[in-house]
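Enquirer: Input run_33.cif, format and content: mmCIF, C-alpha atoms.
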```cif
data_target
#
loop_
_atom_site.group_PDB
_atom_site.id
_atom_site.type_symbol
_atom_site.label_atom_id
_atom_site.label_comp_id
_atom_site.auth_asym_id
_atom_site.auth_seq_id
_atom_site.Cartn_x
_atom_site.Cartn_y
_atom_site.Cartn_z
ATOM 1 C CA MET A 1 110.008 111.207 53.440
ATOM 2 C CA TRP A 2 113.801 111.155 53.881
ATOM 3 C CA SER A 3 113.894 107.639 52.466
ATOM 4 C CA ASN A 4 112.091 108.761 49.291
ATOM 5 C CA LEU A 5 114.405 111.765 48.922
ATOM 6 C CA ILE A 6 117.514 109.581 49.259
ATOM 7 C CA GLN A 7 116.144 107.150 46.670
ATOM 8 C CA ARG A 8 115.564 109.983 44.195
ATOM 9 C CA ILE A 9 119.048 111.389 44.758
ATOM 10 C CA ILE A 10 120.616 107.951 44.227
ATOM 11 C CA PHE A 11 118.541 107.454 41.068
ATOM 12 C CA LEU A 12 119.678 110.790 39.597
ATOM 13 C CA PHE A 13 123.271 110.246 40.767
ATOM 14 C CA VAL A 14 123.400 106.899 38.939
ATOM 15 C CA THR A 15 121.601 107.748 35.695
ATOM 16 C CA GLY A 16 122.933 111.300 35.183
ATOM 17 C CA PRO A 17 126.683 110.509 35.044
ATOM 18 C CA GLY A 18 125.915 107.316 33.103
ATOM 19 C CA ILE A 19 124.191 109.206 30.303
ATOM 20 C CA MET A 20 126.888 111.908 30.213
ATOM 21 C CA GLY A 21 129.686 109.321 30.180
ATOM 22 C CA ASN A 22 128.165 107.446 27.266
ATOM 23 C CA ILE A 23 127.577 110.684 25.340
ATOM 24 C CA ILE A 24 131.246 111.656 25.803
ATOM 25 C CA ILE A 25 132.441 108.225 24.656
ATOM 26 C CA PHE A 26 130.017 108.306 21.717
ATOM 27 C CA VAL A 27 131.125 111.775 20.520
ATOM 28 C CA ARG A 28 134.833 111.030 21.040
ATOM 29 C CA HIS A 29 134.788 107.867 18.965
ATOM 30 C CA VAL A 30 132.497 109.301 16.275
ATOM 31 C CA CYS A 31 135.052 112.102 15.808
ATOM 32 C CA ALA A 32 137.937 109.602 15.815
ATOM 33 C CA PHE A 33 136.136 107.419 13.278
ATOM 34 C CA LEU A 34 135.188 110.273 10.919
ATOM 35 C CA MET A 35 138.336 112.385 11.205
ATOM 36 C CA GLY A 36 141.026 109.795 11.808
ATOM 37 C CA PRO A 37 143.372 108.812 8.974
ATOM 38 C CA VAL A 38 142.508 105.165 9.594
ATOM 39 C CA LYS A 39 138.951 103.934 10.159
ATOM 40 C CA LYS A 40 139.433 101.739 13.215
ATOM 41 C CA PRO A 41 136.765 99.046 13.645
ATOM 42 C CA ILE A 42 137.201 99.369 17.409
ATOM 43 C CA ASP A 43 135.850 102.947 17.249
ATOM 44 C CA PHE A 44 132.747 101.696 15.440
ATOM 45 C CA ILE A 45 132.202 99.020 18.091
ATOM 46 C CA ILE A 46 132.506 101.453 20.985
ATOM 47 C CA ILE A 47 130.075 103.848 19.252
ATOM 48 C CA GLN A 48 127.521 101.016 19.109
ATOM 49 C CA LEU A 49 128.190 100.068 22.747
ATOM 50 C CA ALA A 50 127.721 103.664 23.940
ATOM 51 C CA LEU A 51 124.471 103.925 21.963
ATOM 52 C CA SER A 52 123.140 100.667 23.444
ATOM 53 C CA ASN A 53 124.100 101.708 26.965
ATOM 54 C CA SER A 54 122.420 105.095 26.552
ATOM 55 C CA ILE A 55 119.179 103.431 25.457
ATOM 56 C CA ILE A 56 119.338 101.063 28.457
ATOM 57 C CA ILE A 57 119.791 103.941 30.916
ATOM 58 C CA CYS A 58 117.082 106.087 29.301
ATOM 59 C CA SER A 59 114.528 103.259 29.064
ATOM 60 C CA THR A 60 115.184 102.178 32.659
ATOM 61 C CA GLY A 61 115.118 105.791 33.814
ATOM 62 C CA ILE A 62 111.835 106.622 32.095
ATOM 63 C CA GLY A 63 110.330 103.409 33.387
ATOM 64 C CA ASN A 64 111.235 104.136 37.000
ATOM 65 C CA ILE A 65 110.538 107.877 37.054
ATOM 66 C CA ALA A 66 106.859 107.033 37.513
ATOM 67 C CA THR A 67 107.630 104.850 40.534
ATOM 68 C CA ILE A 68 110.261 107.028 42.206
ATOM 69 C CA PHE A 69 108.595 110.418 41.673
ATOM 70 C CA TYR A 70 105.005 109.119 42.019
ATOM 71 C CA ILE A 71 103.890 110.203 38.553
ATOM 72 C CA ARG A 72 100.747 108.420 37.414
ATOM 73 C CA ASN A 73 100.032 107.482 33.813
ATOM 74 C CA LEU A 74 103.394 108.734 32.599
ATOM 75 C CA LEU A 75 103.236 106.470 29.542
ATOM 76 C CA ASP A 76 100.335 105.328 27.444
ATOM 77 C CA LYS A 77 100.091 101.964 25.678
ATOM 78 C CA VAL A 78 102.405 102.988 22.810
ATOM 79 C CA GLY A 79 104.874 104.563 25.214
ATOM 80 C CA CYS A 80 105.035 101.415 27.341
ATOM 81 C CA LYS A 81 105.605 99.198 24.321
ATOM 82 C CA THR A 82 108.319 101.517 22.960
ATOM 83 C CA VAL A 83 110.249 101.931 26.212
ATOM 84 C CA ILE A 84 110.168 98.268 27.261
ATOM 85 C CA TYR A 85 110.888 96.991 23.746
ATOM 86 C CA LEU A 86 113.829 99.335 23.098
ATOM 87 C CA GLY A 87 115.234 98.590 26.543
ATOM 88 C CA ARG A 88 115.132 94.839 25.917
ATOM 89 C CA VAL A 89 116.651 95.198 22.436
ATOM 90 C CA ALA A 90 119.401 97.464 23.799
ATOM 91 C CA ARG A 91 120.292 94.881 26.465
ATOM 92 C CA GLY A 92 120.696 92.264 23.765
ATOM 93 C CA LEU A 93 122.805 94.641 21.687
ATOM 94 C CA SER A 94 124.966 95.402 24.721
ATOM 95 C CA ILE A 95 125.703 91.689 25.220
ATOM 96 C CA CYS A 96 126.487 91.137 21.536
ATOM 97 C CA THR A 97 128.584 94.298 21.160
ATOM 98 C CA THR A 98 130.589 93.669 24.337
ATOM 99 C CA CYS A 99 131.326 90.167 23.090
ATOM 100 C CA LEU A 100 132.408 91.502 19.676
ATOM 101 C CA LEU A 101 134.659 94.084 21.343
ATOM 102 C CA SER A 102 136.321 91.360 23.394
ATOM 103 C CA MET A 103 136.839 89.075 20.394
ATOM 104 C CA VAL A 104 138.224 91.815 18.129
ATOM 105 C CA GLN A 105 140.713 92.867 20.807
ATOM 106 C CA ALA A 106 141.704 89.221 21.390
ATOM 107 C CA ILE A 107 142.405 88.828 17.669
ATOM 108 C CA THR A 108 144.284 92.157 17.597
ATOM 109 C CA ILE A 109 146.793 91.244 20.304
ATOM 110 C CA CYS A 110 147.465 87.683 19.196
ATOM 111 C CA PRO A 111 150.803 87.032 17.384
ATOM 112 C CA LYS A 112 150.804 87.815 13.663
ATOM 113 C CA SER A 113 151.724 84.271 12.788
ATOM 114 C CA THR A 114 148.521 82.947 14.359
ATOM 115 C CA LYS A 115 145.955 85.590 13.419
ATOM 116 C CA TRP A 116 142.726 84.108 12.137
ATOM 117 C CA LYS A 117 141.637 84.630 8.568
ATOM 118 C CA PHE A 118 138.238 85.962 9.628
ATOM 119 C CA LYS A 119 139.732 88.924 11.479
ATOM 120 C CA PRO A 120 137.336 91.869 10.934
ATOM 121 C CA CYS A 121 139.729 94.475 9.572
ATOM 122 C CA THR A 122 137.261 96.926 8.057
ATOM 123 C CA ALA A 123 134.378 98.987 9.376
ATOM 124 C CA TRP A 124 132.162 97.442 6.688
ATOM 125 C CA GLN A 125 132.644 93.968 8.171
ATOM 126 C CA ILE A 126 131.814 95.306 11.626
ATOM 127 C CA LEU A 127 128.708 96.973 10.166
ATOM 128 C CA GLN A 128 127.555 93.591 8.849
ATOM 129 C CA CYS A 129 127.891 92.154 12.365
ATOM 130 C CA PHE A 130 125.845 95.039 13.750
ATOM 131 C CA LEU A 131 123.135 94.505 11.138
ATOM 132 C CA PHE A 132 122.841 90.886 12.247
ATOM 133 C CA PHE A 133 122.789 91.916 15.946
ATOM 134 C CA TRP A 134 120.001 94.443 15.373
ATOM 135 C CA ILE A 135 117.808 92.118 13.312
ATOM 136 C CA PHE A 136 118.292 89.196 15.709
ATOM 137 C CA ASN A 137 117.554 91.207 18.861
ATOM 138 C CA LEU A 138 114.595 92.999 17.294
ATOM 139 C CA LEU A 139 113.087 89.614 16.431
ATOM 140 C CA ILE A 140 113.636 87.802 19.737
ATOM 141 C CA SER A 141 112.102 90.732 21.655
ATOM 142 C CA SER A 142 109.156 91.208 19.291
ATOM 143 C CA ASN A 143 106.713 89.428 21.616
ATOM 144 C CA LEU A 144 106.847 92.473 23.902
ATOM 145 C CA LEU A 145 105.181 94.599 21.228
ATOM 146 C CA TYR A 146 102.047 92.487 21.626
ATOM 147 C CA TYR A 147 101.987 91.622 25.325
ATOM 148 C CA ILE A 148 103.166 94.880 26.961
ATOM 149 C CA THR A 149 100.488 97.427 27.797
ATOM 150 C CA ALA A 150 99.967 100.467 30.055
ATOM 151 C CA VAL A 151 98.469 100.104 33.513
ATOM 152 C CA SER A 152 95.469 102.257 32.604
ATOM 153 C CA ARG A 153 94.555 99.818 29.800
ATOM 154 C CA VAL A 154 94.714 96.667 31.909
ATOM 155 C CA ASN A 155 91.876 94.732 33.397
ATOM 156 C CA ARG A 156 93.285 93.756 36.809
ATOM 157 C CA SER A 157 92.161 90.172 36.297
ATOM 158 C CA GLU A 158 94.295 89.933 33.144
ATOM 159 C CA ILE A 159 97.591 91.049 34.654
ATOM 160 C CA GLY A 160 100.354 88.546 34.044
ATOM 161 C CA LYS A 161 103.584 90.267 35.083
ATOM 162 C CA TYR A 162 104.476 93.710 36.356
ATOM 163 C CA VAL A 163 107.304 95.267 34.311
ATOM 164 C CA GLY A 164 108.356 98.441 36.084
ATOM 165 C CA HIS A 165 105.632 100.959 35.222
ATOM 166 C CA CYS A 166 103.834 98.803 32.656
ATOM 167 C CA TYR A 167 102.253 95.381 32.613
ATOM 168 C CA MET A 168 102.918 92.273 30.598
ATOM 169 C CA LEU A 169 99.811 90.326 29.696
ATOM 170 C CA PRO A 170 99.925 86.526 30.011
ATOM 171 C CA SER A 171 101.054 84.749 26.844
ATOM 172 C CA LYS A 172 100.644 81.226 25.538
ATOM 173 C CA LEU A 173 103.026 78.765 27.151
ATOM 174 C CA VAL A 174 104.628 77.807 23.808
ATOM 175 C CA VAL A 175 105.190 81.443 22.852
ATOM 176 C CA GLY A 176 106.684 82.299 26.230
ATOM 177 C CA TRP A 177 109.089 79.362 26.190
ATOM 178 C CA LEU A 178 110.106 80.027 22.582
ATOM 179 C CA PHE A 179 111.218 83.610 23.202
ATOM 180 C CA LEU A 180 112.741 82.705 26.567
ATOM 181 C CA SER A 181 114.767 79.911 24.935
ATOM 182 C CA LEU A 182 116.032 82.193 22.163
ATOM 183 C CA THR A 183 117.082 84.826 24.704
ATOM 184 C CA ALA A 184 118.828 82.235 26.894
ATOM 185 C CA LEU A 185 120.582 80.746 23.850
ATOM 186 C CA ARG A 186 121.841 84.186 22.827
ATOM 187 C CA ASP A 187 123.173 84.891 26.316
ATOM 188 C CA VAL A 188 124.889 81.514 26.623
ATOM 189 C CA ILE A 189 126.578 81.732 23.205
ATOM 190 C CA PHE A 190 127.811 85.312 23.523
ATOM 191 C CA GLN A 191 128.912 84.973 27.144
ATOM 192 C CA SER A 192 130.810 81.784 26.252
ATOM 193 C CA LEU A 193 132.609 83.623 23.435
ATOM 194 C CA MET A 194 133.218 86.527 25.802
ATOM 195 C CA GLY A 195 134.712 84.193 28.404
ATOM 196 C CA TRP A 196 136.939 82.479 25.837
ATOM 197 C CA SER A 197 138.283 85.741 24.391
ATOM 198 C CA SER A 198 138.796 87.227 27.871
ATOM 199 C CA GLY A 199 140.728 84.115 28.931
ATOM 200 C CA TYR A 200 142.898 84.364 25.823
ATOM 201 C CA MET A 201 143.615 88.064 26.472
ATOM 202 C CA ALA A 202 144.514 87.302 30.094
ATOM 203 C CA PHE A 203 146.926 84.634 28.843
ATOM 204 C CA CYS A 204 148.497 87.094 26.376
ATOM 205 C CA LEU A 205 148.942 89.670 29.140
ATOM 206 C CA TYR A 206 150.584 87.050 31.334
ATOM 207 C CA GLU A 207 152.997 86.102 28.531
ATOM 208 C CA HIS A 208 153.733 89.774 27.892
ATOM 209 C CA HIS A 209 154.593 90.446 31.527
ATOM 210 C CA LYS A 210 156.835 87.372 31.604
ATOM 211 C CA CYS A 211 158.639 88.589 28.490
ATOM 212 C CA VAL A 212 159.083 92.116 29.891
ATOM 213 C CA PHE A 213 160.383 90.745 33.171
ATOM 214 C CA TYR A 214 162.867 88.548 31.311
ATOM 215 C CA MET A 215 164.162 91.208 28.908
ATOM 216 C CA HIS A 216 164.219 94.159 31.362
ATOM 217 C CA SER A 217 163.707 96.472 28.386
ATOM 218 C CA THR A 218 162.058 99.832 29.079
ATOM 219 C CA ARG A 219 161.713 100.597 25.376
ATOM 220 C CA PHE A 220 159.954 97.286 24.785
ATOM 221 C CA THR A 221 157.518 97.976 27.601
ATOM 222 C CA HIS A 222 156.546 101.437 26.345
ATOM 223 C CA SER A 223 156.021 100.262 22.776
ATOM 224 C CA PHE A 224 153.292 97.940 23.981
ATOM 225 C CA ASN A 225 151.706 100.219 26.578
ATOM 226 C CA PRO A 226 148.720 101.498 24.532
ATOM 227 C CA GLU A 227 147.741 98.037 23.326
ATOM 228 C CA ILE A 228 148.220 96.488 26.762
ATOM 229 C CA ARG A 229 146.205 99.256 28.439
ATOM 230 C CA ALA A 230 143.401 98.730 25.938
ATOM 231 C CA THR A 231 143.403 94.993 26.628
ATOM 232 C CA GLN A 232 143.340 95.564 30.388
ATOM 233 C CA SER A 233 140.449 97.989 29.915
ATOM 234 C CA ILE A 234 138.428 95.436 27.972
ATOM 235 C CA LEU A 235 139.150 92.716 30.540
ATOM 236 C CA ILE A 236 137.828 95.010 33.288
ATOM 237 C CA LEU A 237 134.815 95.695 31.065
ATOM 238 C CA MET A 238 134.136 91.961 30.686
ATOM 239 C CA THR A 239 134.369 91.475 34.458
ATOM 240 C CA CYS A 240 131.927 94.345 35.079
ATOM 241 C CA PHE A 241 129.509 92.977 32.514
ATOM 242 C CA LEU A 242 129.482 89.453 33.943
ATOM 243 C CA PHE A 243 129.154 90.732 37.515
ATOM 244 C CA PHE A 244 126.179 92.998 36.803
ATOM 245 C CA TYR A 245 124.535 90.495 34.458
ATOM 246 C CA TRP A 246 124.493 87.672 36.996
ATOM 247 C CA GLU A 247 123.627 89.871 39.979
ATOM 248 C CA ASP A 248 120.729 91.323 37.986
ATOM 249 C CA PHE A 249 119.687 87.792 36.999
ATOM 250 C CA ILE A 250 119.685 86.636 40.644
ATOM 251 C CA PHE A 251 117.651 89.631 41.810
ATOM 252 C CA SER A 252 115.223 89.266 38.899
ATOM 253 C CA PHE A 253 114.741 85.590 39.724
ATOM 254 C CA TYR A 254 114.150 86.465 43.385
ATOM 255 C CA LEU A 255 111.623 89.183 42.554
ATOM 256 C CA GLY A 256 109.906 86.899 40.037
ATOM 257 C CA SER A 257 109.527 84.046 42.520
ATOM 258 C CA THR A 258 108.401 86.132 45.508
ATOM 259 C CA VAL A 259 105.929 88.926 46.090
ATOM 260 C CA THR A 260 107.907 91.707 47.761
ATOM 261 C CA HIS A 261 107.495 95.446 48.111
ATOM 262 C CA ASP A 262 110.824 95.949 49.874
ATOM 263 C CA SER A 263 112.093 99.249 48.458
ATOM 264 C CA ILE A 264 115.742 98.337 49.116
ATOM 265 C CA VAL A 265 115.463 95.180 47.009
ATOM 266 C CA LEU A 266 113.582 97.003 44.227
ATOM 267 C CA TYR A 267 116.073 99.875 44.014
ATOM 268 C CA THR A 268 119.032 97.501 44.180
ATOM 269 C CA LYS A 269 117.517 95.748 41.165
ATOM 270 C CA ILE A 270 117.293 99.078 39.310
ATOM 271 C CA VAL A 271 120.944 99.936 40.062
ATOM 272 C CA LEU A 272 122.102 96.489 38.934
ATOM 273 C CA ALA A 273 120.047 96.766 35.728
ATOM 274 C CA VAL A 274 121.924 99.921 34.672
ATOM 275 C CA GLY A 275 125.213 99.256 36.483
ATOM 276 C CA TYR A 276 127.188 98.052 33.481
ATOM 277 C CA ALA A 277 125.756 100.722 31.176
ATOM 278 C CA VAL A 278 126.754 103.420 33.690
ATOM 279 C CA LEU A 279 130.263 102.150 34.523
ATOM 280 C CA SER A 280 131.464 101.016 31.092
ATOM 281 C CA PRO A 281 132.177 104.495 29.602
ATOM 282 C CA PHE A 282 134.281 105.441 32.637
ATOM 283 C CA VAL A 283 136.232 102.186 32.396
ATOM 284 C CA LEU A 284 136.950 102.928 28.732
ATOM 285 C CA MET A 285 137.955 106.533 29.451
ATOM 286 C CA LYS A 286 140.143 105.729 32.466
ATOM 287 C CA ASN A 287 142.117 103.001 30.716
ATOM 288 C CA GLY A 288 142.472 104.775 27.387
ATOM 289 C CA CYS A 289 140.587 102.395 25.126
ATOM 290 C CA SER A 290 140.939 104.878 22.287
ATOM 291 C CA HIS A 291 144.304 103.202 21.731
ATOM 292 C CA CYS A 292 142.682 99.839 20.935
#
```
Rewrite the structure of this file - the entire thing - as structure tokens.
Expert:
Amino acid sequence: MWSNLIQRIIFLFVTGPGIMGNIIIFVRHVCAFLMGPVKKPIDFIIIQLALSNSIIICSTGIGNIATIFYIRNLLDKVGCKTVIYLGRVARGLSICTTCLLSMVQAITICPKSTKWKFKPCTAWQILQCFLFFWIFNLLISSNLLYYITAVSRVNRSEIGKYVGHCYMLPSKLVVGWLFLSLTALRDVIFQSLMGWSSGYMAFCLYEHHKCVFYMHSTRFTHSFNPEIRATQSILILMTCFLFFYWEDFIFSFYLGSTVTHDSIVLYTKIVLAVGYAVLSPFVLMKNGCSHC
């Protein structure tokens, strides 16, 4: 009894602040984008990131309410398809948007003499990137619309994989490998770009600190503070993303290869699944990423 109560408190403690944090970030940057004298692409990117994170938390939360609070038949077939599909799409969007945020900031802080010609300097160019991200992630997750179903609709002999509160029916081997390969390719490409841009930003910060140390100029240091704080914020964000992504991957692999009903393992998996989505708005707020 006490164990179940503690699990529910932890679940609400994690998801509640996460949703509120993303709403605050979303509203703040929508206002900055609409009312600011200059339409900063970085505001548009953070709006998309907050939206993706909110969908991840809500889809994971709805999916696990049935398990944690012992609610049967919370979702029907359409509800299962919608929640699982949107959650998977939002995870893809989170990867792509985080990568774009890292790359745009890397381009922003690089010396003017070496800035690349494809620097996205308008919100319209960022919108084109988002259109591609949405279409791509909607397509590579589309198999879920066919194979996900509610538990009440499943013949127990047909169950292929348990997905939280719903079930995934077995698919053809070729279909399964196709969508798995596309998802893996997306993750490898965007995480590689993320790693490259993060490494470049770390190098720029190192050069900046060397220059400040050499010049001993207080005025010079303050003039770069907002930009440097924004870069540090995004580097912390990249570290959080990679940590939670790979920890979630390891736990998912473990749960997929073993049959376990250990509640500690299952709830750790839930926390890791939403960890980045919950922490990222507080990282952005604490380090003042509105100055990006």
Enquirer: Given all atoms listed in the file as the basis, pick out the residue of A:Val30, A:Ala90, A:Val271, A:Ile107 nearest to Gly18 in chain A.
Expert: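 Smallest separation from Gly18 in chain A among the options: A:Val271.
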Enquirer: Work out how far CA of Ile270 in chain A is from CA of Phe244 in chain A, in Å to one decimal.
Expert: 11.1 Å
Enquirer: Take every atom of range 55-64 of chain A listed in the file, pad by 3 Å on each side, and give me the axis-aligned box centre and edge lengths in Å, one decimal, as AutoDock Vina command-line options.
Expert:
```
--center_x 115.1 --center_y 103.8 --center_z 31.2 --size_x 15.5 --size_y 11.6 --size_z 17.5
```
Enquirer: Got a sec: who's within 8 Å of Ser54 in chain A, counting all atoms listed in the file, leaving out chain neighbours fewer than 2 positions off, as a list in words?
Expert: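 In the requested form, the answer reads Gly18, Ile19, Asn22, Ile23, Ala50, Leu51, Ser52, Ile56, Ile57, Cys58 and Ala277 of chain A.
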Enquirer: What are the nearest atom pairs, with distances in Å to one decimal, for all residues of range 82-106 of chain A that come at most 12 Å from range 179-184 of chain A, using all atoms listed in the file, set out by chain and rising residue number as JSON lines?
Expert:
```
{"residue": "A:Arg88", "atom": "CA", "partner": "A:Thr183", "partner_atom": "CA", "distance": 10.3}
{"residue": "A:Val89", "atom": "CA", "partner": "A:Thr183", "partner_atom": "CA", "distance": 10.6}
{"residue": "A:Arg91", "atom": "CA", "partner": "A:Thr183", "partner_atom": "CA", "distance": 10.7}
{"residue": "A:Gly92", "atom": "CA", "partner": "A:Thr183", "partner_atom": "CA", "distance": 8.3}
{"residue": "A:Leu93", "atom": "CA", "partner": "A:Thr183", "partner_atom": "CA", "distance": 11.8}
{"residue": "A:Ile95", "atom": "CA", "partner": "A:Thr183", "partner_atom": "CA", "distance": 11.0}
{"residue": "A:Cys96", "atom": "CA", "partner": "A:Thr183", "partner_atom": "CA", "distance": 11.8}
```
Enquirer: Using only C-alpha atoms, which protein or nucleic acid residues come within 10 Å of Tyr146 in chain A? Drop anything in the same chain fewer than 4 positions from it, and give the result as a list in words.
Expert: Lys81, Ser142, Met168, Leu169 and Ser171 of chain A
Enquirer: Listing only residues of range 28-146 of chain A within 8 Å of range 190-199 of chain A, what is the closest atom pair and its distance in Å (to one decimal) for each, using only C-alpha atoms, sorted by chain and residue number ascending, as a Markdown table?
Expert:
```
| residue | atom | partner | partner_atom | distance |
| --- | --- | --- | --- | --- |
| A:Ile95 | CA | A:Phe190 | CA | 6.9 |
| A:Cys96 | CA | A:Phe190 | CA | 6.3 |
| A:Thr98 | CA | A:Met194 | CA | 7.8 |
| A:Cys99 | CA | A:Met194 | CA | 4.9 |
| A:Leu100 | CA | A:Met194 | CA | 7.9 |
| A:Ser102 | CA | A:Ser197 | CA | 6.0 |
| A:Met103 | CA | A:Ser197 | CA | 5.4 |
| A:Ala106 | CA | A:Ser197 | CA | 5.7 |
```
Enquirer: Go ahead and compute the interatomic distance for CA of Leu101 in chain A and CA of Tyr206 in chain A, in Å to one decimal.
Expert: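 CA of Tyr206 in chain A lies 20.1 Å from CA of Leu101 in chain A.
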Enquirer: In Å, how far is it from CA of Lys77 in chain A to CA of Lys172 in chain A?
Expert: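 One can read the CA of Lys77 in chain A to CA of Lys172 in chain A distance as 20.7 Å.
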Enquirer: Can you list what the PyMOL selection byres ((chain A and resi 235) around 10) grabs from this structure, as a VMD selection string?
Expert: chain A and resid 102 105 194 to 195 197 to 199 201 to 202 229 to 234 236 to 241
Enquirer: Output C-alpha atoms for every residue in that selection, as a compact mmCIF listing (two decimals), in the frame of the given file.
Expert:
```
# COMPACT_ATOMS: atom_id res chain seq x y z
CA SER A 102 136.32 91.36 23.39
CA GLN A 105 140.71 92.87 20.81
CA MET A 194 133.22 86.53 25.80
CA GLY A 195 134.71 84.19 28.40
CA SER A 197 138.28 85.74 24.39
CA SER A 198 138.80 87.23 27.87
CA GLY A 199 140.73 84.12 28.93
CA MET A 201 143.62 88.06 26.47
CA ALA A 202 144.51 87.30 30.09
CA ARG A 229 146.21 99.26 28.44
CA ALA A 230 143.40 98.73 25.94
CA THR A 231 143.40 94.99 26.63
CA GLN A 232 143.34 95.56 30.39
CA SER A 233 140.45 97.99 29.92
CA ILE A 234 138.43 95.44 27.97
CA ILE A 236 137.83 95.01 33.29
CA LEU A 237 134.82 95.70 31.06
CA MET A 238 134.14 91.96 30.69
CA THR A 239 134.37 91.48 34.46
CA CYS A 240 131.93 94.34 35.08
CA PHE A 241 129.51 92.98 32.51
```
Enquirer: Starting from the PyMOL selection byres ((chain A and resi 15) around 12), expand the selection into actual residues of this file and give them as a PyMOL selection string.
Expert: chain A and resi 8-14+16-22+53-62+64-65+270-279
Enquirer: Between A:Leu86, A:Phe203, A:Leu284, A:Asn143, which has the minimum distance to Cys110 in chain A (counting all atoms listed in the file)?
Expert: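 Counting all atoms listed in the file, the residue closest to Cys110 in chain A is A:Phe203.
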Enquirer: Kindly resolve the PyMOL selection byres ((chain A and resi 44) around 8) on the present coordinates and return the residues as a list in words.
Expert: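 Evaluating the PyMOL selection byres ((chain A and resi 44) around 8) on these coordinates yields His29, Val30, Phe33, Lys40, Pro41, Ile42, Asp43, Ile45, Ile46, Ile47, Gln48, Ala123 and Ile126 of chain A.
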Enquirer: Determine the nearest neighbour of Cys80 in chain A from the options A:Phe26, A:Phe282, A:Tyr167, A:Phe253, counting only C-alpha atoms.
Expert: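 Smallest distance to Cys80 in chain A is found for A:Tyr167.
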Enquirer: Nearest residue to Leu139 in chain A out of A:Asp187, A:Ser280, A:Trp177, A:Tyr85, using only C-alpha atoms?
Expert: A:Tyr85
Enquirer: Could you tell me which of A:Pro37, A:Pro281, A:Gly176, A:Gly79 comes closest to Ile140 in chain A if we count only C-alpha atoms?
Expert: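 Comparing A:Pro37, A:Pro281, A:Gly176, A:Gly79 against Ile140 in chain A, the winner is A:Gly176.
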